[in-house]
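Worksheet for the structure shown next.
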Amino acid sequence: MKTELLRGKDFITLQEWDREEIDTLLDVSFDLKRKFAMGIDTPYLEYKTAMLMFFEESTRTRNSMEAGLAQLGGHANFLDTSTMQVSHGEVAKDTATILSSYSHAIACRNCFWEIGNDYLRNMAENSSAPILNLQCDLYHPMQGLADLMTIQEKKGETKELNVSIIWSYATSHKKPISVPLTQALLFPRYSMNVTLAHPEGFELPDWVIEQAKENAEKNNGTFKVTDDMEEAYKEADIVIPKNWGSWVNHPDGGEDLLEANKDWKCTEEVMDLAADDVMYMHALPADRGNEVEDSVIDGPHSVVYGEAENRLHTAKAVMTVTMGGK
């Protein structure tokens with residue numbers, strides 16, 4: 001594949017990147033991780049600048065992008081949108097046109113329901129630089145790529161792995177559907193057997209389920225949905241118990257529905273139903289005590305810190321591939 005074809009390519013959803021392109025990102029991620037471990041400088045984006053627009057708070061995403069671009073020889077401008085003219089009504093077209101004339105990429109996090117993804121696509125239509133999605137209302141491709149890297153790193157072959165994406169109870173804040181949605185679409189493309197489990201009322205949109213099943217059929221994987229939590233844990237090689245909000249009950253948030261499902265929690269008891277070498281994953285931050293017991297997230301099956309570290313290397317890969325070139 002001619003990697004120069006990826007320079008300037010928007011990174012809004014992994015669905016719009018084919019398998020070969022995603023594999024290129026993974027190859028670059030692993031190479032950058034090795035060089036980081038060996039202390040080898042990687043000034044692939046020397047004097048390049050990216051604008052980082054955040055409509056929401058961030059820890060891993062902001063810092064992986066800022067540290068990552070610095071390690072690549074470039075500079076990231078952190079932009080809190082509450083201090084920008086966006087807060088006074090400036091439209092995406094004007095913001096994207098101007099900021100792209102100042103930089104080599106615009107990366108944006110906007111998770112507002114039925115606004116975020118449209119905002120990113122509006123920017124992409126008007127930007128002369130690639131638009132990188134740092135999470136929107138529908139997708140979180142940066143997290144999905146890091147999750148896939150972690151699975152390959154820890155498990156090797158992805159074919160026929162039993163992976164369960166499981167809704168879990170949380171009270172910390174209303175979490176978008178973008179992480180489970182991204183995983184549901186991506187993992188079947190790598191021939192995994194994916195189970196999506198959630199109580200009634202926390203379904204993902206019908207088009208997601210249809211696309212996930214199509215991805216599975218095309219790539220010799222499987223995809224199923226269940227409302228039985230224990231079924232999802234049984235014989236699972238990887239479990240990803242994480243809360244997400246009820247888009248079905250938006251905008252009221254479905255608080256009564258949430259409280260009715262407090263028993264959807266990752267405990268040592270349900271982990272015992274999984275494979276002996278089951279891997280526990282979470283995008284973080286986890287709502288400890290609600291989503292998961294401390295003994296699980298801090299236990300021998302947990303890979304959450306390695307998963308979070310991989311956010312740095314995959315972010316650097318996305319920037320290197322999309323912003324690189326002479």
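If you're wondering about the labels, chains in the structure tokens are A, B, ... by order shown, residues count from 1 in each chain, ligands from 1 in order shown.
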
Would you give me, as CSV, each residue of segment 117-196 of chain A having an atom within 6 Å of an atom of segment 8-17 of chain A, along with its shortest atom pair and that distance in Å to one decimal, using only C-alpha atoms and sorting by chain and residue number?
residue,atom,partner,partner_atom,distance
A:Pro130,CA,A:Asp10,CA,4.7
A:Ile131,CA,A:Asp10,CA,4.9
A:Leu132,CA,A:Phe11,CA,4.7
A:Asn133,CA,A:Ile12,CA,4.8
A:Pro141,CA,A:Thr13,CA,5.5

Mind writing the picked residues with N, CA and C atoms as a PDB file, in the first residue's frame?
ATOM      1  N   PRO A 130      -6.046  17.377   7.814  1.00  0.00           N
ATOM      2  CA  PRO A 130      -6.864  16.246   8.272  1.00  0.00           C
ATOM      3  C   PRO A 130      -7.551  16.536   9.606  1.00  0.00           C
ATOM      4  N   ILE A 131      -8.767  16.009   9.745  1.00  0.00           N
ATOM      5  CA  ILE A 131      -9.528  16.097  10.994  1.00  0.00           C
ATOM      6  C   ILE A 131      -9.385  14.771  11.725  1.00  0.00           C
ATOM      7  N   LEU A 132      -8.949  14.836  12.993  1.00  0.00           N
ATOM      8  CA  LEU A 132      -8.745  13.644  13.805  1.00  0.00           C
ATOM      9  C   LEU A 132      -9.778  13.634  14.923  1.00  0.00           C
ATOM     10  N   ASN A 133     -10.527  12.561  15.009  1.00  0.00           N
ATOM     11  CA  ASN A 133     -11.600  12.433  15.997  1.00  0.00           C
ATOM     12  C   ASN A 133     -11.041  11.972  17.336  1.00  0.00           C
ATOM     13  N   PRO A 141     -12.346   6.439  17.591  1.00  0.00           N
ATOM     14  CA  PRO A 141     -11.376   5.610  16.866  1.00  0.00           C
ATOM     15  C   PRO A 141     -10.004   5.535  17.524  1.00  0.00           C
TER      16      PRO A 141
END

Can you list, as a PyMOL selection string, every residue of segment 133-315 of chain A that DSSP puts in strand (DSSP E or B)?
chain A and resi 133-136+162-167+193-197+222-226+238-242+266+279-280+288+292+302

Within 7 Å of Gly221 of chain A, counting only C-alpha atoms, which residues qualify if same-chain residues fewer than 6 places away don't, as a CSV table (one decimal) with N, CA and C atoms, in the first residue's frame?
chain,number,residue,atom,x,y,z
A,160,GLU,N,-11.0,-15.9,16.2
A,160,GLU,CA,-11.8,-16.8,17.1
A,160,GLU,C,-11.6,-16.4,18.5
A,188,PRO,N,-15.2,-7.4,15.0
A,188,PRO,CA,-15.5,-8.5,14.0
A,188,PRO,C,-14.7,-8.4,12.8
A,191,SER,N,-11.9,-10.9,12.8
A,191,SER,CA,-12.3,-12.3,13.0
A,191,SER,C,-12.6,-12.8,14.4
A,192,MET,N,-13.0,-11.8,15.3
A,192,MET,CA,-13.3,-12.2,16.6
A,192,MET,C,-14.7,-12.6,16.8
A,193,ASN,N,-15.0,-13.3,17.8
A,193,ASN,CA,-16.4,-13.7,18.1
A,193,ASN,C,-16.9,-12.7,19.2

When you look at segment 108-113 of chain A with a cut-off of 6 Å (counting only C-alpha atoms), what residues show up, excluding the ones that are within fewer than 5 positions of it in the same chain? I need them as a compact mmCIF listing (two decimals) with all heavy atoms, in the first residue's frame.
# COMPACT_ATOMS: atom_id res chain seq x y z
N LEU A 52 -5.72 21.06 19.04
CA LEU A 52 -6.52 20.09 19.81
C LEU A 52 -7.70 20.81 20.43
O LEU A 52 -7.56 21.52 21.42
CB LEU A 52 -5.67 19.44 20.91
CG LEU A 52 -4.31 18.87 20.53
CD1 LEU A 52 -3.69 18.16 21.74
CD2 LEU A 52 -4.40 17.93 19.34
N MET A 53 -8.88 20.61 19.85
CA MET A 53 -10.10 21.26 20.33
C MET A 53 -10.88 20.33 21.25
O MET A 53 -11.28 19.24 20.83
CB MET A 53 -11.01 21.66 19.15
CG MET A 53 -10.49 22.77 18.28
SD MET A 53 -11.64 23.07 16.90
CE MET A 53 -13.16 23.49 17.78
N PHE A 54 -11.11 20.75 22.48
CA PHE A 54 -11.83 19.92 23.44
C PHE A 54 -13.09 20.63 23.93
O PHE A 54 -13.01 21.70 24.54
CB PHE A 54 -10.94 19.58 24.64
CG PHE A 54 -9.95 18.49 24.36
CD1 PHE A 54 -8.72 18.79 23.77
CD2 PHE A 54 -10.24 17.16 24.65
CE1 PHE A 54 -7.81 17.79 23.50
CE2 PHE A 54 -9.33 16.15 24.38
CZ PHE A 54 -8.11 16.46 23.80
N PHE A 55 -14.24 19.99 23.67
CA PHE A 55 -15.51 20.45 24.22
C PHE A 55 -15.77 19.81 25.58
O PHE A 55 -16.69 20.21 26.28
CB PHE A 55 -16.67 20.11 23.28
CG PHE A 55 -16.73 20.95 22.03
CD1 PHE A 55 -15.94 20.64 20.93
CD2 PHE A 55 -17.58 22.04 21.95
CE1 PHE A 55 -16.00 21.40 19.78
CE2 PHE A 55 -17.65 22.81 20.80
CZ PHE A 55 -16.85 22.50 19.71
N ASN A 133 -10.53 12.56 15.01
CA ASN A 133 -11.60 12.43 16.00
C ASN A 133 -11.04 11.97 17.34
O ASN A 133 -10.55 10.84 17.47
CB ASN A 133 -12.65 11.44 15.48
CG ASN A 133 -13.86 11.33 16.39
OD1 ASN A 133 -13.92 11.95 17.44
ND2 ASN A 133 -14.82 10.53 15.97
N LEU A 134 -11.14 12.83 18.33
CA LEU A 134 -10.69 12.50 19.68
C LEU A 134 -11.83 11.99 20.56
O LEU A 134 -11.68 11.88 21.76
CB LEU A 134 -10.05 13.72 20.34
CG LEU A 134 -8.85 14.31 19.60
CD1 LEU A 134 -8.25 15.47 20.39
CD2 LEU A 134 -7.79 13.25 19.33
N GLN A 135 -12.94 11.69 19.98
CA GLN A 135 -14.18 11.10 20.50
C GLN A 135 -15.33 12.05 20.17
O GLN A 135 -15.27 13.25 20.43
CB GLN A 135 -14.15 10.84 22.01
CG GLN A 135 -15.38 10.04 22.48
CD GLN A 135 -15.34 9.69 23.96
OE1 GLN A 135 -14.66 10.31 24.75
NE2 GLN A 135 -16.11 8.67 24.35
N CYS A 136 -16.36 11.44 19.61
CA CYS A 136 -17.59 12.17 19.34
C CYS A 136 -18.76 11.39 19.93
O CYS A 136 -18.56 10.46 20.70
CB CYS A 136 -17.77 12.41 17.83
SG CYS A 136 -18.06 10.92 16.85
N ASP A 137 -19.97 11.77 19.57
CA ASP A 137 -21.14 11.09 20.12
C ASP A 137 -21.28 9.66 19.61
O ASP A 137 -21.94 8.84 20.25
CB ASP A 137 -22.41 11.89 19.83
CG ASP A 137 -22.57 12.22 18.34
OD1 ASP A 137 -21.56 12.38 17.64
OD2 ASP A 137 -23.73 12.36 17.89

Set the distance at 12 Å and use only C-alpha atoms: which residues neighbour Val86 of chain A once local chain neighbours fewer than 4 positions away are removed? I'd like the list as a list in words.
Met53, Phe54, Phe55, Leu79, Asp80, Thr81, Ser82, Glu90, Val91, Ala92, Lys93, Asp94, Thr95, Ala96 and Tyr119 of chain A

Looking at A:His75, A:Arg288, A:His313, A:Lys218, which one is nearest to Lys35 of chain A, with distances taken over only C-alpha atoms?
A:His313

Can you list, as a PyMOL selection string, all residues belonging to segment 95-274 of chain A that DSSP tags as helix (DSSP H, G or I)?
chain A and resi 95-102+116-126+141-155+178-190+206-218+229-233+255-259+268-271

Residue neighbourhood Gly289 of chain A, 9 Å, only C-alpha atoms, exclusion window fewer than 5 positions, as a count of residues only:
3

Find the spatial neighbours of Lys48 of chain A, counting only C-alpha atoms, within a cut-off of 9 Å - ignore same-chain residues fewer than 4 positions away - and output them as a list of chain:residue names.
A:Leu69, A:Leu72, A:Gly73, A:Gly74, A:His75, A:Ala76, A:Ser103, A:His104, A:Ala105, A:Met323, A:Gly324

Selected residues written out, N, CA, C and O atoms, as a PDB file, in the first residue's frame:
ATOM      1  N   LEU A  69       2.860  14.290  20.133  1.00  0.00           N
ATOM      2  CA  LEU A  69       3.337  15.183  19.086  1.00  0.00           C
ATOM      3  C   LEU A  69       4.682  15.804  19.469  1.00  0.00           C
ATOM      4  O   LEU A  69       5.552  15.998  18.612  1.00  0.00           O
ATOM      5  N   LEU A  72       7.298  13.456  18.614  1.00  0.00           N
ATOM      6  CA  LEU A  72       7.476  13.378  17.161  1.00  0.00           C
ATOM      7  C   LEU A  72       8.129  14.634  16.602  1.00  0.00           C
ATOM      8  O   LEU A  72       8.313  14.752  15.389  1.00  0.00           O
ATOM      9  N   GLY A  73       8.454  15.581  17.487  1.00  0.00           N
ATOM     10  CA  GLY A  73       9.148  16.788  17.060  1.00  0.00           C
ATOM     11  C   GLY A  73       8.251  17.962  16.746  1.00  0.00           C
ATOM     12  O   GLY A  73       8.725  19.003  16.295  1.00  0.00           O
ATOM     13  N   GLY A  74       6.953  17.802  16.976  1.00  0.00           N
ATOM     14  CA  GLY A  74       6.008  18.869  16.660  1.00  0.00           C
ATOM     15  C   GLY A  74       5.446  19.532  17.902  1.00  0.00           C
ATOM     16  O   GLY A  74       5.961  19.357  19.013  1.00  0.00           O
ATOM     17  N   HIS A  75       4.368  20.264  17.706  1.00  0.00           N
ATOM     18  CA  HIS A  75       3.759  21.004  18.812  1.00  0.00           C
ATOM     19  C   HIS A  75       2.248  20.913  18.717  1.00  0.00           C
ATOM     20  O   HIS A  75       1.663  21.042  17.621  1.00  0.00           O
ATOM     21  N   ALA A  76       1.591  20.703  19.869  1.00  0.00           N
ATOM     22  CA  ALA A  76       0.132  20.647  19.933  1.00  0.00           C
ATOM     23  C   ALA A  76      -0.393  21.868  20.670  1.00  0.00           C
ATOM     24  O   ALA A  76       0.077  22.178  21.765  1.00  0.00           O
ATOM     25  N   SER A 103      -2.189  25.211  10.746  1.00  0.00           N
ATOM     26  CA  SER A 103      -1.664  23.956  11.304  1.00  0.00           C
ATOM     27  C   SER A 103      -1.650  22.836  10.275  1.00  0.00           C
ATOM     28  O   SER A 103      -2.023  23.026   9.110  1.00  0.00           O
ATOM     29  N   HIS A 104      -1.249  21.651  10.750  1.00  0.00           N
ATOM     30  CA  HIS A 104      -1.161  20.476   9.888  1.00  0.00           C
ATOM     31  C   HIS A 104      -2.220  19.425  10.225  1.00  0.00           C
ATOM     32  O   HIS A 104      -2.292  18.396   9.579  1.00  0.00           O
ATOM     33  N   ALA A 105      -3.025  19.682  11.256  1.00  0.00           N
ATOM     34  CA  ALA A 105      -4.146  18.809  11.614  1.00  0.00           C
ATOM     35  C   ALA A 105      -4.995  19.524  12.647  1.00  0.00           C
ATOM     36  O   ALA A 105      -4.499  20.354  13.419  1.00  0.00           O
ATOM     37  N   MET A 323      -0.319  13.213   9.164  1.00  0.00           N
ATOM     38  CA  MET A 323       0.314  14.532   9.103  1.00  0.00           C
ATOM     39  C   MET A 323       1.690  14.500   8.453  1.00  0.00           C
ATOM     40  O   MET A 323       2.294  15.548   8.200  1.00  0.00           O
ATOM     41  N   GLY A 324       2.220  13.295   8.218  1.00  0.00           N
ATOM     42  CA  GLY A 324       3.594  13.157   7.718  1.00  0.00           C
ATOM     43  C   GLY A 324       3.735  13.552   6.264  1.00  0.00           C
ATOM     44  O   GLY A 324       2.814  14.017   5.614  1.00  0.00           O
TER      45      GLY A 324
END

Expressed in Å, the length from atom CA of Asn122 of chain A to atom CA of Gln85 of chain A is 16.7 Å

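If only C-alpha atoms are the atoms counted, then among A:Leu257, A:Met149, A:Met142, A:Ile238 the closest residue to Arg60 of chain A is A:Met142.
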
Please, what distance in Å, to one decimal, runs between atom CA of Met281 of chain A and atom CA of Trp244 of chain A?
15.0 Å

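The residue that comes closest to Met279 of chain A, out of A:Phe223, A:Thr150, A:Glu231, A:Asn243 and on the basis of only C-alpha atoms, is A:Thr150.
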
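Atom to atom, atom CA of Thr83 of chain A and atom CA of His140 of chain A stand 24.1 Å apart.
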
Considering only C-alpha atoms, can you say which of A:Ala315, A:Ala283, A:Asp276, A:Ser29 comes closest to Pro300 of chain A?
A:Asp276
